Structure formats: structure tokens, C-alpha cells
Amino acid sequence: MERQEFLSKFGIGVVAVCAGCALAACGGSKADNPSPGTGGGGGGTPAPTPGTGGGSAFLTADLTNELTAVGSIKTGNGIILVRLAAGNVASSFTAVQIACTHEGTSINYNAGQNKFICPLHGSEFNTNGNVILGPAAANLQHYTVTITGTSLAVS
């Protein structure tokens, strides 16, 4: 086999292999992409969707000893729960997915600015999870907070 013939055949094989790799990479699986509820990094269990039955809470808090001060935060099950105001009423709290919709990084709550901020690229969201500043283009999932006595439930 001459050099030119070898390179020609070898080149076609490499192109075919690379094209197959590129197509497989584009297909990606759900586990390759961060999903709400994972806190970023991909994989894991996606955050529950509100109103999907069962009536079970995705996150709970005992208000006698948790979230007692304005600005207090509790996280769990891919959700960040924040006390926005005094009083044990649902409107004093907000709960949104913790994973930024841009790249899945866990967001933080900035009490002084009363908004959620992604530390990776600076996306900002209001307390309802709506995008204020990109690069995130999609809103955070917002959850329902209910209070019975001193028990808080996020669903």
C-alpha cells in the first residue's frame, strides 16, 4: 500500500469515527445536564414538580426552631426556602429550585438585595424565581408554601 492510499483510507476512518463521537455527544442524556433539584453538577433526582399528587411535602420546617429570623434559609431536595418577612404566614416565605436555570449551579439568596443570585455567571432572580438579569433565560421553578400551626411545608 502506498503512502497516499494509506492516508486516504486512514483519513476516511478517522472522519467516520469522529463524526460518530460528535453525534453521540450531541445526543447527551438527562444525567449529563444539570436539572432543577440536583443543585447542579448533573445527575441526581430532579426536583419534584408542584401539584403532581400525593400531597407530600418536598421540604418541611418547624417554625418554632427553624427559619426564625428574616433572611433565614433552609435547603433540601433541590429547593431553597427563605423567610422574607416576620410572621408565620405563607407570604412571609418563598421557595424556588436551587439550581440556576443557566448551568445548574446552586444559587444563593442575598437578603440585602432581596433576590437570588447565581455565583457562577451572575444571573439574578426575584423572590418568585423570575429572571431579573441573565445569562439565565428561564425562570426558577417556584413552589407553594403552606403553614399549619408552626409546621411549614413546601409542595
# chains A, B, ... in the order shown; residues from 1 in each chain; ligands from 1
>>> residues_around(residues="A:Asn130", least_positions_apart="6", cutoff="8 Å", atoms="only C-alpha atoms", output="PyMOL selection string")
chain A and resi 138-140
>>> closest_residue(among="A:Leu63, A:Gln113, A:Pro135, A:Gly76", to="A:Val89", atoms="only C-alpha atoms")
A:Leu63
>>> select_by_dssp(residues="stretch 41-115 of chain A", states="strand (DSSP E or B)", output="list in words")
Leu59, Thr60, Ala61, Asp62, Ile73, Lys74, Thr75, Gly76, Ile79, Ile80, Leu81, Val82, Arg83, Phe93, Thr94, Ala95, Val96, Gln97, Ala99, Ser106, Asn108, Tyr109, Asn110 and Lys115 of chain A
>>> write_last_selection(atoms="N, CA and C atoms", output="PDB file, in the first residue's frame")
ATOM      1  N   LEU A  59     -40.239  19.664  51.154  1.00  0.00           N
ATOM      2  CA  LEU A  59     -39.371  20.231  52.180  1.00  0.00           C
ATOM      3  C   LEU A  59     -40.275  20.719  53.303  1.00  0.00           C
ATOM      4  N   THR A  60     -39.854  20.497  54.542  1.00  0.00           N
ATOM      5  CA  THR A  60     -40.645  20.944  55.686  1.00  0.00           C
ATOM      6  C   THR A  60     -39.758  21.717  56.651  1.00  0.00           C
ATOM      7  N   ALA A  61     -40.385  22.482  57.510  1.00  0.00           N
ATOM      8  CA  ALA A  61     -39.659  23.214  58.549  1.00  0.00           C
ATOM      9  C   ALA A  61     -40.553  23.351  59.765  1.00  0.00           C
ATOM     10  N   ASP A  62     -39.933  23.275  60.926  1.00  0.00           N
ATOM     11  CA  ASP A  62     -40.608  23.509  62.195  1.00  0.00           C
ATOM     12  C   ASP A  62     -40.308  24.949  62.575  1.00  0.00           C
ATOM     13  N   ILE A  73     -32.462  30.789  55.822  1.00  0.00           N
ATOM     14  CA  ILE A  73     -32.531  29.914  54.645  1.00  0.00           C
ATOM     15  C   ILE A  73     -32.497  28.463  55.087  1.00  0.00           C
ATOM     16  N   LYS A  74     -33.259  27.643  54.357  1.00  0.00           N
ATOM     17  CA  LYS A  74     -33.173  26.193  54.515  1.00  0.00           C
ATOM     18  C   LYS A  74     -33.183  25.593  53.112  1.00  0.00           C
ATOM     19  N   THR A  75     -32.311  24.621  52.895  1.00  0.00           N
ATOM     20  CA  THR A  75     -32.265  23.959  51.596  1.00  0.00           C
ATOM     21  C   THR A  75     -32.463  22.463  51.772  1.00  0.00           C
ATOM     22  N   GLY A  76     -32.967  21.855  50.741  1.00  0.00           N
ATOM     23  CA  GLY A  76     -33.151  20.410  50.731  1.00  0.00           C
ATOM     24  C   GLY A  76     -33.961  19.992  49.531  1.00  0.00           C
ATOM     25  N   ILE A  79     -34.367  22.424  46.675  1.00  0.00           N
ATOM     26  CA  ILE A  79     -35.171  23.627  46.905  1.00  0.00           C
ATOM     27  C   ILE A  79     -34.444  24.534  47.885  1.00  0.00           C
ATOM     28  N   ILE A  80     -34.561  25.843  47.673  1.00  0.00           N
ATOM     29  CA  ILE A  80     -34.080  26.816  48.646  1.00  0.00           C
ATOM     30  C   ILE A  80     -35.314  27.558  49.179  1.00  0.00           C
ATOM     31  N   LEU A  81     -35.470  27.511  50.488  1.00  0.00           N
ATOM     32  CA  LEU A  81     -36.599  28.114  51.193  1.00  0.00           C
ATOM     33  C   LEU A  81     -36.065  29.286  51.994  1.00  0.00           C
ATOM     34  N   VAL A  82     -36.703  30.441  51.866  1.00  0.00           N
ATOM     35  CA  VAL A  82     -36.224  31.660  52.524  1.00  0.00           C
ATOM     36  C   VAL A  82     -37.368  32.348  53.256  1.00  0.00           C
ATOM     37  N   ARG A  83     -37.060  32.833  54.471  1.00  0.00           N
ATOM     38  CA  ARG A  83     -38.017  33.692  55.192  1.00  0.00           C
ATOM     39  C   ARG A  83     -37.790  35.116  54.702  1.00  0.00           C
ATOM     40  N   PHE A  93     -42.682  33.696  53.245  1.00  0.00           N
ATOM     41  CA  PHE A  93     -41.674  32.755  52.781  1.00  0.00           C
ATOM     42  C   PHE A  93     -41.721  32.625  51.273  1.00  0.00           C
ATOM     43  N   THR A  94     -40.620  32.185  50.703  1.00  0.00           N
ATOM     44  CA  THR A  94     -40.583  31.813  49.294  1.00  0.00           C
ATOM     45  C   THR A  94     -39.738  30.559  49.148  1.00  0.00           C
ATOM     46  N   ALA A  95     -40.069  29.767  48.152  1.00  0.00           N
ATOM     47  CA  ALA A  95     -39.323  28.540  47.876  1.00  0.00           C
ATOM     48  C   ALA A  95     -39.183  28.395  46.368  1.00  0.00           C
ATOM     49  N   VAL A  96     -37.945  28.247  45.919  1.00  0.00           N
ATOM     50  CA  VAL A  96     -37.653  28.072  44.495  1.00  0.00           C
ATOM     51  C   VAL A  96     -36.625  26.959  44.328  1.00  0.00           C
ATOM     52  N   GLN A  97     -36.475  26.498  43.103  1.00  0.00           N
ATOM     53  CA  GLN A  97     -35.442  25.491  42.839  1.00  0.00           C
ATOM     54  C   GLN A  97     -34.092  26.121  43.110  1.00  0.00           C
ATOM     55  N   ALA A  99     -31.163  25.124  41.742  1.00  0.00           N
ATOM     56  CA  ALA A  99     -30.277  25.050  40.583  1.00  0.00           C
ATOM     57  C   ALA A  99     -30.589  26.170  39.599  1.00  0.00           C
ATOM     58  N   SER A 106     -25.807  25.973  42.136  1.00  0.00           N
ATOM     59  CA  SER A 106     -26.675  26.337  43.262  1.00  0.00           C
ATOM     60  C   SER A 106     -26.666  27.847  43.462  1.00  0.00           C
ATOM     61  N   ASN A 108     -27.720  31.462  45.468  1.00  0.00           N
ATOM     62  CA  ASN A 108     -27.684  31.971  46.842  1.00  0.00           C
ATOM     63  C   ASN A 108     -28.758  33.043  46.977  1.00  0.00           C
ATOM     64  N   TYR A 109     -29.190  33.274  48.213  1.00  0.00           N
ATOM     65  CA  TYR A 109     -30.133  34.358  48.465  1.00  0.00           C
ATOM     66  C   TYR A 109     -29.384  35.524  49.063  1.00  0.00           C
ATOM     67  N   ASN A 110     -29.575  36.717  48.512  1.00  0.00           N
ATOM     68  CA  ASN A 110     -28.966  37.926  49.027  1.00  0.00           C
ATOM     69  C   ASN A 110     -30.070  38.723  49.721  1.00  0.00           C
ATOM     70  N   LYS A 115     -32.978  39.183  46.551  1.00  0.00           N
ATOM     71  CA  LYS A 115     -33.023  38.413  45.316  1.00  0.00           C
ATOM     72  C   LYS A 115     -32.077  37.233  45.397  1.00  0.00           C
TER      73      LYS A 115
END
>>> closest_residue(among="A:Ala69, A:Ala90, A:Cys118, A:Leu84", to="A:Thr150", atoms="only C-alpha atoms")
A:Ala90
>>> atom_distance(atom1="atom CA of A:Val154", atom2="atom CA of A:Phe125")
19.1 Å
>>> atom_distance(atom1="atom CA of A:Ala136", atom2="atom CA of A:Asn77")
21.5 Å
>>> atom_distance(atom1="atom CA of A:His102", atom2="atom CA of A:Ser123")
7.9 Å
